[in-house]
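S.K.: My structure is in run-v9.cif, and what it holds is mmCIF, N, CA and C atoms:
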data_structure
#
loop_
_atom_site.label_atom_id
_atom_site.label_comp_id
_atom_site.auth_asym_id
_atom_site.auth_seq_id
_atom_site.Cartn_x
_atom_site.Cartn_y
_atom_site.Cartn_z
N MET M 1 -14.12 -9.60 9.33
CA MET M 1 -14.45 -9.60 7.93
C MET M 1 -13.18 -9.40 7.09
N GLU M 2 -13.04 -10.16 6.05
CA GLU M 2 -11.90 -10.05 5.13
C GLU M 2 -12.23 -9.02 4.05
N VAL M 3 -11.29 -8.12 3.79
CA VAL M 3 -11.47 -7.12 2.74
C VAL M 3 -11.24 -7.81 1.39
N GLU M 4 -12.20 -7.67 0.51
CA GLU M 4 -12.11 -8.31 -0.81
C GLU M 4 -11.29 -7.44 -1.77
N PRO M 5 -10.73 -8.05 -2.80
CA PRO M 5 -9.96 -7.28 -3.79
C PRO M 5 -10.86 -6.55 -4.79
N ARG M 6 -11.55 -5.54 -4.28
CA ARG M 6 -12.42 -4.70 -5.11
C ARG M 6 -12.43 -3.30 -4.54
N ALA M 7 -12.85 -2.35 -5.33
CA ALA M 7 -12.95 -0.96 -4.85
C ALA M 7 -14.20 -0.84 -3.97
N TYR M 8 -14.05 -0.21 -2.82
CA TYR M 8 -15.17 0.04 -1.92
C TYR M 8 -15.61 1.49 -2.06
N GLY M 9 -16.90 1.72 -1.90
CA GLY M 9 -17.45 3.07 -2.02
C GLY M 9 -18.44 3.36 -0.92
N PRO M 10 -19.18 4.46 -1.03
CA PRO M 10 -20.12 4.87 0.01
C PRO M 10 -21.22 3.85 0.31
N GLU M 11 -21.46 2.94 -0.61
CA GLU M 11 -22.48 1.91 -0.39
C GLU M 11 -21.99 0.79 0.52
N SER M 12 -20.75 0.85 0.96
CA SER M 12 -20.17 -0.19 1.81
C SER M 12 -20.95 -0.33 3.11
N THR M 13 -21.02 -1.56 3.59
CA THR M 13 -21.71 -1.82 4.85
C THR M 13 -20.87 -1.30 6.02
N ARG M 14 -21.48 -1.24 7.18
CA ARG M 14 -20.77 -0.82 8.38
C ARG M 14 -19.60 -1.76 8.66
N GLU M 15 -19.81 -3.06 8.47
CA GLU M 15 -18.75 -4.05 8.69
C GLU M 15 -17.59 -3.84 7.72
N GLU M 16 -17.90 -3.55 6.46
CA GLU M 16 -16.85 -3.29 5.48
C GLU M 16 -16.06 -2.04 5.83
N ARG M 17 -16.76 -0.99 6.24
CA ARG M 17 -16.10 0.26 6.64
C ARG M 17 -15.16 0.02 7.82
N GLU M 18 -15.64 -0.73 8.80
CA GLU M 18 -14.81 -1.03 9.98
C GLU M 18 -13.60 -1.87 9.60
N ALA M 19 -13.80 -2.85 8.72
CA ALA M 19 -12.68 -3.70 8.29
C ALA M 19 -11.61 -2.89 7.58
N ILE M 20 -12.03 -1.92 6.78
CA ILE M 20 -11.06 -1.06 6.08
C ILE M 20 -10.33 -0.19 7.09
N ALA M 21 -11.05 0.47 7.98
CA ALA M 21 -10.42 1.35 8.98
C ALA M 21 -9.51 0.56 9.91
N ASP M 22 -9.87 -0.68 10.21
CA ASP M 22 -9.07 -1.51 11.11
C ASP M 22 -7.73 -1.92 10.52
N ARG M 23 -7.51 -1.62 9.25
CA ARG M 23 -6.22 -1.91 8.63
C ARG M 23 -5.19 -0.83 8.97
N VAL M 24 -5.59 0.13 9.79
CA VAL M 24 -4.68 1.17 10.29
C VAL M 24 -4.55 0.96 11.80
N SER M 25 -3.31 0.80 12.28
CA SER M 25 -3.11 0.49 13.68
C SER M 25 -1.77 1.04 14.18
N VAL M 26 -1.67 1.17 15.48
CA VAL M 26 -0.42 1.57 16.12
C VAL M 26 0.38 0.29 16.36
N VAL M 27 1.63 0.26 15.89
CA VAL M 27 2.48 -0.92 16.09
C VAL M 27 3.58 -0.68 17.11
N ASP M 28 3.81 0.58 17.46
CA ASP M 28 4.81 0.93 18.46
C ASP M 28 4.56 2.39 18.81
N ASP M 29 5.23 2.87 19.85
CA ASP M 29 5.06 4.26 20.25
C ASP M 29 5.40 5.18 19.08
N GLN M 30 4.43 5.95 18.63
CA GLN M 30 4.56 6.91 17.55
C GLN M 30 4.90 6.27 16.20
N ILE M 31 4.46 5.03 16.02
CA ILE M 31 4.60 4.34 14.72
C ILE M 31 3.26 3.73 14.36
N VAL M 32 2.77 4.10 13.19
CA VAL M 32 1.48 3.62 12.70
C VAL M 32 1.71 2.74 11.48
N LEU M 33 0.89 1.70 11.38
CA LEU M 33 0.90 0.81 10.22
C LEU M 33 -0.37 1.01 9.42
N ILE M 34 -0.21 1.19 8.11
CA ILE M 34 -1.34 1.16 7.18
C ILE M 34 -1.17 -0.08 6.32
N HIS M 35 -2.07 -1.04 6.47
CA HIS M 35 -2.06 -2.23 5.61
C HIS M 35 -3.07 -1.94 4.49
N GLU M 36 -2.54 -1.49 3.39
CA GLU M 36 -3.39 -1.00 2.30
C GLU M 36 -4.29 -2.10 1.76
N VAL M 37 -5.51 -1.70 1.39
CA VAL M 37 -6.46 -2.64 0.79
C VAL M 37 -5.97 -3.03 -0.60
N PRO M 38 -6.39 -4.19 -1.10
CA PRO M 38 -5.92 -4.62 -2.42
C PRO M 38 -6.27 -3.66 -3.55
N VAL M 39 -7.46 -3.10 -3.52
CA VAL M 39 -7.88 -2.14 -4.55
C VAL M 39 -8.31 -0.86 -3.84
N GLN M 40 -7.48 0.15 -3.94
CA GLN M 40 -7.75 1.42 -3.28
C GLN M 40 -8.82 2.20 -4.04
N SER M 41 -9.50 3.06 -3.31
CA SER M 41 -10.47 3.98 -3.89
C SER M 41 -10.43 5.25 -3.06
N PRO M 42 -10.93 6.35 -3.58
CA PRO M 42 -10.98 7.56 -2.75
C PRO M 42 -11.73 7.32 -1.44
N PHE M 43 -12.75 6.48 -1.48
CA PHE M 43 -13.53 6.17 -0.28
C PHE M 43 -12.68 5.43 0.75
N SER M 44 -11.94 4.39 0.31
CA SER M 44 -11.12 3.64 1.26
C SER M 44 -9.99 4.51 1.80
N VAL M 45 -9.45 5.38 0.96
CA VAL M 45 -8.39 6.30 1.41
C VAL M 45 -8.93 7.19 2.53
N LYS M 46 -10.13 7.74 2.37
CA LYS M 46 -10.70 8.61 3.40
C LYS M 46 -10.92 7.84 4.71
N LEU M 47 -11.47 6.65 4.62
CA LEU M 47 -11.68 5.86 5.84
C LEU M 47 -10.38 5.59 6.57
N MET M 48 -9.36 5.21 5.81
CA MET M 48 -8.09 4.86 6.44
C MET M 48 -7.39 6.09 7.02
N PHE M 49 -7.46 7.22 6.32
CA PHE M 49 -6.81 8.42 6.86
C PHE M 49 -7.61 9.05 7.99
N ASP M 50 -8.91 8.84 8.04
CA ASP M 50 -9.68 9.27 9.21
C ASP M 50 -9.17 8.53 10.45
N ARG M 51 -8.97 7.22 10.32
CA ARG M 51 -8.44 6.43 11.43
C ARG M 51 -7.00 6.86 11.74
N PHE M 52 -6.20 7.07 10.70
CA PHE M 52 -4.81 7.49 10.85
C PHE M 52 -4.74 8.79 11.67
N ARG M 53 -5.55 9.77 11.29
CA ARG M 53 -5.55 11.05 12.02
C ARG M 53 -6.00 10.88 13.46
N ALA M 54 -6.99 10.03 13.69
CA ALA M 54 -7.45 9.78 15.06
C ALA M 54 -6.33 9.18 15.92
N LEU M 55 -5.57 8.28 15.35
CA LEU M 55 -4.49 7.62 16.10
C LEU M 55 -3.30 8.54 16.35
N THR M 56 -3.05 9.48 15.46
CA THR M 56 -1.85 10.32 15.56
C THR M 56 -2.14 11.74 16.05
N GLN M 57 -3.36 12.04 16.39
CA GLN M 57 -3.73 13.42 16.71
C GLN M 57 -2.94 14.04 17.85
N ASP M 58 -2.46 13.24 18.79
CA ASP M 58 -1.71 13.78 19.93
C ASP M 58 -0.20 13.72 19.74
N TRP M 59 0.26 13.30 18.58
CA TRP M 59 1.69 13.16 18.33
C TRP M 59 2.19 14.32 17.48
N ASP M 60 3.25 14.98 17.93
CA ASP M 60 3.87 16.04 17.14
C ASP M 60 4.60 15.47 15.93
N ARG M 61 5.28 14.36 16.15
CA ARG M 61 6.07 13.71 15.10
C ARG M 61 5.84 12.21 15.18
N PHE M 62 5.96 11.53 14.05
CA PHE M 62 5.77 10.09 14.04
C PHE M 62 6.36 9.49 12.77
N ALA M 63 6.47 8.18 12.78
CA ALA M 63 6.86 7.42 11.59
C ALA M 63 5.66 6.55 11.23
N TYR M 64 5.60 6.19 9.97
CA TYR M 64 4.58 5.22 9.62
C TYR M 64 5.04 4.26 8.55
N VAL M 65 4.39 3.12 8.58
CA VAL M 65 4.69 2.01 7.68
C VAL M 65 3.47 1.80 6.81
N VAL M 66 3.69 1.66 5.52
CA VAL M 66 2.61 1.32 4.60
C VAL M 66 2.94 -0.03 3.98
N ASP M 67 2.05 -0.98 4.16
CA ASP M 67 2.21 -2.31 3.58
C ASP M 67 1.42 -2.36 2.27
N LEU M 68 2.16 -2.33 1.16
CA LEU M 68 1.55 -2.37 -0.18
C LEU M 68 1.69 -3.74 -0.83
N THR M 69 2.05 -4.75 -0.06
CA THR M 69 2.36 -6.05 -0.66
C THR M 69 1.16 -6.69 -1.34
N GLN M 70 -0.05 -6.32 -0.95
CA GLN M 70 -1.25 -6.89 -1.59
C GLN M 70 -1.98 -5.87 -2.45
N ALA M 71 -1.47 -4.66 -2.51
CA ALA M 71 -2.18 -3.57 -3.18
C ALA M 71 -1.85 -3.50 -4.67
N LYS M 72 -2.85 -3.17 -5.43
CA LYS M 72 -2.66 -2.87 -6.85
C LYS M 72 -2.33 -1.38 -6.98
N ARG M 73 -1.83 -0.99 -8.12
CA ARG M 73 -1.52 0.41 -8.37
C ARG M 73 -2.82 1.23 -8.35
N PRO M 74 -2.85 2.33 -7.60
CA PRO M 74 -4.08 3.13 -7.54
C PRO M 74 -4.35 3.87 -8.85
N ASP M 75 -5.64 4.09 -9.11
CA ASP M 75 -6.01 4.84 -10.31
C ASP M 75 -5.77 6.33 -10.07
N PRO M 76 -5.85 7.16 -11.12
CA PRO M 76 -5.54 8.59 -10.96
C PRO M 76 -6.41 9.29 -9.91
N GLU M 77 -7.69 8.97 -9.85
CA GLU M 77 -8.58 9.60 -8.87
C GLU M 77 -8.13 9.26 -7.44
N THR M 78 -7.72 8.03 -7.23
CA THR M 78 -7.27 7.62 -5.90
C THR M 78 -5.93 8.26 -5.56
N ARG M 79 -5.04 8.41 -6.54
CA ARG M 79 -3.77 9.08 -6.27
C ARG M 79 -4.00 10.53 -5.84
N VAL M 80 -4.97 11.20 -6.44
CA VAL M 80 -5.33 12.57 -6.04
C VAL M 80 -5.81 12.57 -4.59
N ALA M 81 -6.65 11.61 -4.23
CA ALA M 81 -7.16 11.53 -2.85
C ALA M 81 -6.02 11.26 -1.87
N LEU M 82 -5.10 10.38 -2.24
CA LEU M 82 -3.95 10.10 -1.37
C LEU M 82 -3.10 11.35 -1.15
N LYS M 83 -2.82 12.07 -2.21
CA LYS M 83 -2.01 13.29 -2.08
C LYS M 83 -2.71 14.32 -1.19
N ALA M 84 -4.02 14.46 -1.35
CA ALA M 84 -4.77 15.42 -0.53
C ALA M 84 -4.69 15.03 0.94
N GLU M 85 -4.82 13.76 1.25
CA GLU M 85 -4.75 13.31 2.64
C GLU M 85 -3.34 13.48 3.20
N MET M 86 -2.35 13.22 2.39
CA MET M 86 -0.95 13.31 2.83
C MET M 86 -0.52 14.74 3.15
N ARG M 87 -1.06 15.69 2.43
CA ARG M 87 -0.64 17.09 2.66
C ARG M 87 -0.81 17.50 4.11
N GLY M 88 -1.85 17.03 4.74
CA GLY M 88 -2.11 17.41 6.12
C GLY M 88 -1.20 16.78 7.14
N ILE M 89 -0.58 15.67 6.80
CA ILE M 89 0.25 14.98 7.79
C ILE M 89 1.74 15.03 7.48
N SER M 90 2.12 15.28 6.25
CA SER M 90 3.53 15.16 5.87
C SER M 90 4.49 16.00 6.71
N PRO M 91 4.13 17.21 7.18
CA PRO M 91 5.09 17.96 8.01
C PRO M 91 5.45 17.27 9.33
N ARG M 92 4.61 16.34 9.79
CA ARG M 92 4.85 15.66 11.06
C ARG M 92 5.56 14.31 10.90
N VAL M 93 5.79 13.89 9.66
CA VAL M 93 6.34 12.56 9.40
C VAL M 93 7.87 12.58 9.50
N ILE M 94 8.41 11.78 10.39
CA ILE M 94 9.86 11.63 10.53
C ILE M 94 10.37 10.64 9.48
N HIS M 95 9.61 9.57 9.28
CA HIS M 95 10.04 8.55 8.33
C HIS M 95 8.83 7.79 7.80
N LEU M 96 8.89 7.44 6.52
CA LEU M 96 7.91 6.57 5.89
C LEU M 96 8.64 5.33 5.41
N ALA M 97 8.23 4.18 5.89
CA ALA M 97 8.79 2.89 5.45
C ALA M 97 7.69 2.13 4.72
N VAL M 98 7.99 1.72 3.49
CA VAL M 98 7.00 1.08 2.64
C VAL M 98 7.40 -0.36 2.36
N ALA M 99 6.49 -1.29 2.64
CA ALA M 99 6.70 -2.70 2.29
C ALA M 99 6.05 -2.95 0.94
N VAL M 100 6.85 -3.43 -0.02
CA VAL M 100 6.35 -3.63 -1.38
C VAL M 100 6.55 -5.04 -1.90
N GLY M 101 7.10 -5.93 -1.10
CA GLY M 101 7.40 -7.26 -1.61
C GLY M 101 8.55 -7.18 -2.59
N ASP M 102 8.50 -8.01 -3.60
CA ASP M 102 9.57 -8.03 -4.60
C ASP M 102 9.21 -7.24 -5.86
N ASN M 103 8.18 -6.43 -5.79
CA ASN M 103 7.70 -5.69 -6.95
C ASN M 103 8.55 -4.43 -7.16
N LEU M 104 9.46 -4.49 -8.11
CA LEU M 104 10.37 -3.36 -8.36
C LEU M 104 9.63 -2.13 -8.86
N LEU M 105 8.60 -2.32 -9.66
CA LEU M 105 7.81 -1.18 -10.15
C LEU M 105 7.11 -0.48 -8.98
N MET M 106 6.50 -1.26 -8.09
CA MET M 106 5.82 -0.67 -6.93
C MET M 106 6.83 0.05 -6.04
N ARG M 107 8.02 -0.51 -5.91
CA ARG M 107 9.08 0.13 -5.11
C ARG M 107 9.40 1.52 -5.66
N ALA M 108 9.62 1.61 -6.96
CA ALA M 108 9.94 2.89 -7.59
C ALA M 108 8.77 3.86 -7.50
N MET M 109 7.56 3.38 -7.75
CA MET M 109 6.37 4.24 -7.71
C MET M 109 6.14 4.78 -6.29
N ALA M 110 6.33 3.93 -5.29
CA ALA M 110 6.13 4.36 -3.90
C ALA M 110 7.10 5.48 -3.54
N GLN M 111 8.35 5.34 -3.94
CA GLN M 111 9.32 6.38 -3.62
C GLN M 111 9.02 7.68 -4.37
N LEU M 112 8.72 7.57 -5.64
CA LEU M 112 8.39 8.77 -6.41
C LEU M 112 7.15 9.47 -5.85
N PHE M 113 6.15 8.69 -5.49
CA PHE M 113 4.92 9.26 -4.94
C PHE M 113 5.22 9.99 -3.63
N ALA M 114 6.00 9.36 -2.75
CA ALA M 114 6.33 9.97 -1.46
C ALA M 114 7.13 11.24 -1.67
N TYR M 115 8.11 11.21 -2.55
CA TYR M 115 8.93 12.40 -2.81
C TYR M 115 8.07 13.53 -3.39
N SER M 116 7.09 13.19 -4.21
CA SER M 116 6.24 14.22 -4.81
C SER M 116 5.39 14.94 -3.76
N MET M 117 5.25 14.33 -2.59
CA MET M 117 4.49 14.95 -1.50
C MET M 117 5.40 15.60 -0.48
N GLY M 118 6.68 15.70 -0.80
CA GLY M 118 7.61 16.37 0.10
C GLY M 118 8.22 15.48 1.16
N LEU M 119 7.95 14.19 1.13
CA LEU M 119 8.56 13.28 2.09
C LEU M 119 9.93 12.87 1.56
N THR M 120 10.97 13.14 2.33
CA THR M 120 12.32 12.84 1.86
C THR M 120 12.96 11.68 2.61
N ASN M 121 12.47 11.37 3.79
CA ASN M 121 13.01 10.26 4.56
C ASN M 121 12.11 9.04 4.33
N VAL M 122 12.37 8.35 3.22
CA VAL M 122 11.53 7.25 2.76
C VAL M 122 12.41 6.04 2.50
N SER M 123 11.93 4.87 2.91
CA SER M 123 12.63 3.63 2.60
C SER M 123 11.63 2.61 2.09
N THR M 124 12.11 1.70 1.25
CA THR M 124 11.26 0.62 0.75
C THR M 124 11.87 -0.71 1.17
N HIS M 125 10.99 -1.68 1.40
CA HIS M 125 11.41 -2.96 1.96
C HIS M 125 10.60 -4.09 1.34
N ALA M 126 11.16 -5.28 1.40
CA ALA M 126 10.46 -6.45 0.88
C ALA M 126 9.33 -6.88 1.80
N THR M 127 9.52 -6.72 3.12
CA THR M 127 8.51 -7.22 4.07
C THR M 127 8.05 -6.13 5.03
N ARG M 128 6.89 -6.39 5.61
CA ARG M 128 6.36 -5.48 6.63
C ARG M 128 7.27 -5.45 7.85
N ALA M 129 7.80 -6.60 8.25
CA ALA M 129 8.69 -6.65 9.42
C ALA M 129 9.92 -5.77 9.21
N GLU M 130 10.52 -5.83 8.03
CA GLU M 130 11.68 -4.98 7.73
C GLU M 130 11.29 -3.51 7.78
N ALA M 131 10.13 -3.17 7.25
CA ALA M 131 9.68 -1.78 7.23
C ALA M 131 9.44 -1.27 8.66
N ILE M 132 8.84 -2.09 9.50
CA ILE M 132 8.60 -1.69 10.89
C ILE M 132 9.92 -1.49 11.61
N GLU M 133 10.86 -2.37 11.38
CA GLU M 133 12.17 -2.24 12.01
C GLU M 133 12.86 -0.93 11.59
N GLU M 134 12.76 -0.58 10.32
CA GLU M 134 13.35 0.67 9.85
C GLU M 134 12.65 1.88 10.46
N ALA M 135 11.34 1.83 10.61
CA ALA M 135 10.61 2.91 11.26
C ALA M 135 11.07 3.07 12.71
N ARG M 136 11.28 1.96 13.38
CA ARG M 136 11.78 2.01 14.76
C ARG M 136 13.17 2.66 14.81
N ARG M 137 14.03 2.27 13.88
CA ARG M 137 15.37 2.89 13.83
C ARG M 137 15.26 4.39 13.61
N ALA M 138 14.37 4.79 12.71
CA ALA M 138 14.21 6.22 12.42
C ALA M 138 13.71 6.99 13.64
N MET M 139 12.98 6.31 14.50
CA MET M 139 12.48 6.95 15.72
C MET M 139 13.48 6.84 16.88
N GLY M 140 14.68 6.31 16.58
CA GLY M 140 15.73 6.25 17.60
C GLY M 140 15.63 5.06 18.54
N ARG M 141 15.03 3.99 18.07
CA ARG M 141 14.91 2.79 18.93
C ARG M 141 15.79 1.67 18.47
#
Show this structure as structure tokens.
M.R.:
Amino acid sequence: MEVEPRAYGPESTREEREAIADRVSVVDDQIVLIHEVPVQSPFSVKLMFDRFRALTQDWDRFAYVVDLTQAKRPDPETRVALKAEMRGISPRVIHLAVAVGDNLLMRAMAQLFAYSMGLTNVSTHATRAEAIEEARRAMGR
């Protein structure tokens, strides 16, 4: 199922919930990819971070990549949900690599948002491939 560019909520079907959660995956040893939905919501954030926690539960430290190339800027309620989810994982994060395409505003916002949550080892990239490569470098590969 393709995720549509709309906010998803509790009324989402099982297939929609699975499609959102499936946008979180392991791309390498101790490296997770979050391919953000086009329109984030507190509901989609919870689904994705539930999957994120399940994938990283046995890892003391890890890097992760967030692909924001198709994502719109989150609304204030969603930013609050993102910060709440991040608090629980940020002490274990070695590196965050963010793919933003050529969007300079999104690049700046992603870095500011990450720094506001205490993440200091953050990089932004034009493509997902570049971001994954940087995460690998940060993990010593």
S.K.: Which polymer residues have any atom within 6 Å of an atom of range 29-42 of chain M, counting only N, CA and C atoms, with same-chain residues fewer than 3 positions away left out, as a list in words?
M.R.: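 Here the answer would be Glu4, Pro5, Arg6, Ala7, Tyr8, Arg23, Val24, Ser25, Val26, Val45, Lys46, Arg61, Phe62, Ala63, Tyr64, Val65, Val66, Asp67, Leu68, Gln70, Ala71, Lys72, Pro74, Glu77, Thr78 and Ala81 of chain M.
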S.K.: Give me the result of the PyMOL selection byres ((chain M and resi 125) around 7) on this file, residue by residue, as JSON, numbers by chain.
M.R.: {"M": [97, 98, 99, 100, 101, 102, 123, 124, 126, 127, 128, 130, 131]}
S.K.: Just write the chosen residues, N, CA and C atoms, as an mmCIF file, in the coordinates of the input.
M.R.:
data_model
loop_
_atom_site.group_PDB
_atom_site.id
_atom_site.type_symbol
_atom_site.label_atom_id
_atom_site.label_comp_id
_atom_site.auth_asym_id
_atom_site.auth_seq_id
_atom_site.Cartn_x
_atom_site.Cartn_y
_atom_site.Cartn_z
ATOM 1 N N ALA M 97 8.230 4.180 5.890
ATOM 2 C CA ALA M 97 8.790 2.890 5.450
ATOM 3 C C ALA M 97 7.690 2.130 4.720
ATOM 4 N N VAL M 98 7.990 1.720 3.490
ATOM 5 C CA VAL M 98 7.000 1.080 2.640
ATOM 6 C C VAL M 98 7.400 -0.360 2.360
ATOM 7 N N ALA M 99 6.490 -1.290 2.640
ATOM 8 C CA ALA M 99 6.700 -2.700 2.290
ATOM 9 C C ALA M 99 6.050 -2.950 0.940
ATOM 10 N N VAL M 100 6.850 -3.430 -0.020
ATOM 11 C CA VAL M 100 6.350 -3.630 -1.380
ATOM 12 C C VAL M 100 6.550 -5.040 -1.900
ATOM 13 N N GLY M 101 7.100 -5.930 -1.100
ATOM 14 C CA GLY M 101 7.400 -7.260 -1.610
ATOM 15 C C GLY M 101 8.550 -7.180 -2.590
ATOM 16 N N ASP M 102 8.500 -8.010 -3.600
ATOM 17 C CA ASP M 102 9.570 -8.030 -4.600
ATOM 18 C C ASP M 102 9.210 -7.240 -5.860
ATOM 19 N N SER M 123 11.930 4.870 2.910
ATOM 20 C CA SER M 123 12.630 3.630 2.600
ATOM 21 C C SER M 123 11.630 2.610 2.090
ATOM 22 N N THR M 124 12.110 1.700 1.250
ATOM 23 C CA THR M 124 11.260 0.620 0.750
ATOM 24 C C THR M 124 11.870 -0.710 1.170
ATOM 25 N N ALA M 126 11.160 -5.280 1.400
ATOM 26 C CA ALA M 126 10.460 -6.450 0.880
ATOM 27 C C ALA M 126 9.330 -6.880 1.800
ATOM 28 N N THR M 127 9.520 -6.720 3.120
ATOM 29 C CA THR M 127 8.510 -7.220 4.070
ATOM 30 C C THR M 127 8.050 -6.130 5.030
ATOM 31 N N ARG M 128 6.890 -6.390 5.610
ATOM 32 C CA ARG M 128 6.360 -5.480 6.630
ATOM 33 C C ARG M 128 7.270 -5.450 7.850
ATOM 34 N N GLU M 130 10.520 -5.830 8.030
ATOM 35 C CA GLU M 130 11.680 -4.980 7.730
ATOM 36 C C GLU M 130 11.290 -3.510 7.780
ATOM 37 N N ALA M 131 10.130 -3.170 7.250
ATOM 38 C CA ALA M 131 9.680 -1.780 7.230
ATOM 39 C C ALA M 131 9.440 -1.270 8.660
#
S.K.: So which one's closest to Leu82 in chain M, M:Leu112, M:Met48, M:Leu104, M:Gln57? Using only C-alpha atoms, please.
M.R.: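 Between M:Leu112, M:Met48, M:Leu104, M:Gln57, the residue approaching Leu82 in chain M most closely is M:Met48.
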S.K.: First collect every listed atom of range 10-16 of chain M; then fit an axis-aligned box around them, widen it by 6 Å on each side, and give centre and edge lengths in Å to one decimal, as lines of an AutoDock Vina configuration file.
M.R.:
center_x = -19.3
center_y = 0.4
center_z = 3.8
size_x = 18.4
size_y = 20.9
size_z = 21.7
S.K.: Please list as a list in words every residue within 9 Å of range 89-91 of chain M, counting only C-alpha atoms and excluding residues in the same chain fewer than 6 positions away.
M.R.: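 The residues satisfying every condition are Arg53, Arg61, Met117, Gly118 and Leu119 of chain M.
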S.K.: Based on DSSP run over this structure's backbone, return all residues of chain M in strand (DSSP E or B), as a VMD selection string.
M.R.: chain M and resid 24 to 28 31 to 35 62 to 67 93 to 99 122 to 125
S.K.: Would you save the residues of that selection, restricted to N, CA and C atoms, as a tab-separated table (two decimals), keeping the file's coordinate frame?
M.R.:
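Dumped to out_33.tsv:
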chain	number	residue	atom	x	y	z
M	24	VAL	N	-5.59	0.13	9.79
M	24	VAL	CA	-4.68	1.17	10.29
M	24	VAL	C	-4.55	0.96	11.80
M	25	SER	N	-3.31	0.80	12.28
M	25	SER	CA	-3.11	0.49	13.68
M	25	SER	C	-1.77	1.04	14.18
M	26	VAL	N	-1.67	1.17	15.48
M	26	VAL	CA	-0.42	1.57	16.12
M	26	VAL	C	0.38	0.29	16.36
M	27	VAL	N	1.63	0.26	15.89
M	27	VAL	CA	2.48	-0.92	16.09
M	27	VAL	C	3.58	-0.68	17.11
M	28	ASP	N	3.81	0.58	17.46
M	28	ASP	CA	4.81	0.93	18.46
M	28	ASP	C	4.56	2.39	18.81
M	31	ILE	N	4.46	5.03	16.02
M	31	ILE	CA	4.60	4.34	14.72
M	31	ILE	C	3.26	3.73	14.36
M	32	VAL	N	2.77	4.10	13.19
M	32	VAL	CA	1.48	3.62	12.70
M	32	VAL	C	1.71	2.74	11.48
M	33	LEU	N	0.89	1.70	11.38
M	33	LEU	CA	0.90	0.81	10.22
M	33	LEU	C	-0.37	1.01	9.42
M	34	ILE	N	-0.21	1.19	8.11
M	34	ILE	CA	-1.34	1.16	7.18
M	34	ILE	C	-1.17	-0.08	6.32
M	35	HIS	N	-2.07	-1.04	6.47
M	35	HIS	CA	-2.06	-2.23	5.61
M	35	HIS	C	-3.07	-1.94	4.49
M	62	PHE	N	5.96	11.53	14.05
M	62	PHE	CA	5.77	10.09	14.04
M	62	PHE	C	6.36	9.49	12.77
M	63	ALA	N	6.47	8.18	12.78
M	63	ALA	CA	6.86	7.42	11.59
M	63	ALA	C	5.66	6.55	11.23
M	64	TYR	N	5.60	6.19	9.97
M	64	TYR	CA	4.58	5.22	9.62
M	64	TYR	C	5.04	4.26	8.55
M	65	VAL	N	4.39	3.12	8.58
M	65	VAL	CA	4.69	2.01	7.68
M	65	VAL	C	3.47	1.80	6.81
M	66	VAL	N	3.69	1.66	5.52
M	66	VAL	CA	2.61	1.32	4.60
M	66	VAL	C	2.94	-0.03	3.98
M	67	ASP	N	2.05	-0.98	4.16
M	67	ASP	CA	2.21	-2.31	3.58
M	67	ASP	C	1.42	-2.36	2.27
M	93	VAL	N	5.79	13.89	9.66
M	93	VAL	CA	6.34	12.56	9.40
M	93	VAL	C	7.87	12.58	9.50
M	94	ILE	N	8.41	11.78	10.39
M	94	ILE	CA	9.86	11.63	10.53
M	94	ILE	C	10.37	10.64	9.48
M	95	HIS	N	9.61	9.57	9.28
M	95	HIS	CA	10.04	8.55	8.33
M	95	HIS	C	8.83	7.79	7.80
M	96	LEU	N	8.89	7.44	6.52
M	96	LEU	CA	7.91	6.57	5.89
M	96	LEU	C	8.64	5.33	5.41
M	97	ALA	N	8.23	4.18	5.89
M	97	ALA	CA	8.79	2.89	5.45
M	97	ALA	C	7.69	2.13	4.72
M	98	VAL	N	7.99	1.72	3.49
M	98	VAL	CA	7.00	1.08	2.64
M	98	VAL	C	7.40	-0.36	2.36
M	99	ALA	N	6.49	-1.29	2.64
M	99	ALA	CA	6.70	-2.70	2.29
M	99	ALA	C	6.05	-2.95	0.94
M	122	VAL	N	12.37	8.35	3.22
M	122	VAL	CA	11.53	7.25	2.76
M	122	VAL	C	12.41	6.04	2.50
M	123	SER	N	11.93	4.87	2.91
M	123	SER	CA	12.63	3.63	2.60
M	123	SER	C	11.63	2.61	2.09
M	124	THR	N	12.11	1.70	1.25
M	124	THR	CA	11.26	0.62	0.75
M	124	THR	C	11.87	-0.71	1.17
M	125	HIS	N	10.99	-1.68	1.40
M	125	HIS	CA	11.41	-2.96	1.96
M	125	HIS	C	10.60	-4.09	1.34
S.K.: As an MDAnalysis selection string, please: every residue in range 15-105 of chain M that a backbone DSSP assignment puts in alpha helix (DSSP H).
M.R.: chainID M and resid 15:21 42:56 76:89 104:105
S.K.: Just give me the gap between CA of Ala110 in chain M and atom C of Val122 in chain M in Å, one decimal is fine.
M.R.: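 Taking CA of Ala110 in chain M and atom C of Val122 in chain M, their separation equals 9.1 Å.
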S.K.: Could you please determine the separation between atom N of Glu134 in chain M and atom C of Leu96 in chain M in Å, to one decimal place?
M.R.: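 Going from atom N of Glu134 in chain M over to atom C of Leu96 in chain M, I get 8.7 Å.
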S.K.: Which one is closest to Ala135 in chain M: M:Phe113, M:Ile94, M:Leu105, M:Gly9? Count only N, CA and C atoms.
M.R.: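 Ranked by minimum distance to Ala135 in chain M, first place goes to M:Ile94.
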S.K.: Tell me, in Å to one decimal, how far CA of Arg17 in chain M is from CA of Leu47 in chain M.
M.R.: 7.2 Å
S.K.: Identify which of the residues M:Asn103, M:Ala19, M:Gly88, M:Phe49 lies closest to Thr69 in chain M, counting all atoms listed in the file when measuring atom-to-atom distances.
M.R.: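 Answer, going by the shortest atom-to-atom distance: M:Asn103.
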S.K.: Counting only N, CA and C atoms, figure out which residue out of M:Val3, M:Met86, M:His95, M:Arg51 gets nearest to Ala138 in chain M.
M.R.: M:His95
S.K.: Point out the residue among M:Ala21, M:Val80, M:Met109, M:Val27 with the least atom-to-atom distance to Phe52 in chain M, counting all atoms listed in the file.
M.R.: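 Comparing M:Ala21, M:Val80, M:Met109, M:Val27 against Phe52 in chain M, the winner is M:Ala21.
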S.K.: Which one is closest to Val93 in chain M: M:Ser116, M:Gly140, M:Ala108, M:Asn121? Count all atoms listed in the file.
M.R.: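 The shortest atom-to-atom distance to Val93 in chain M comes from M:Asn121.
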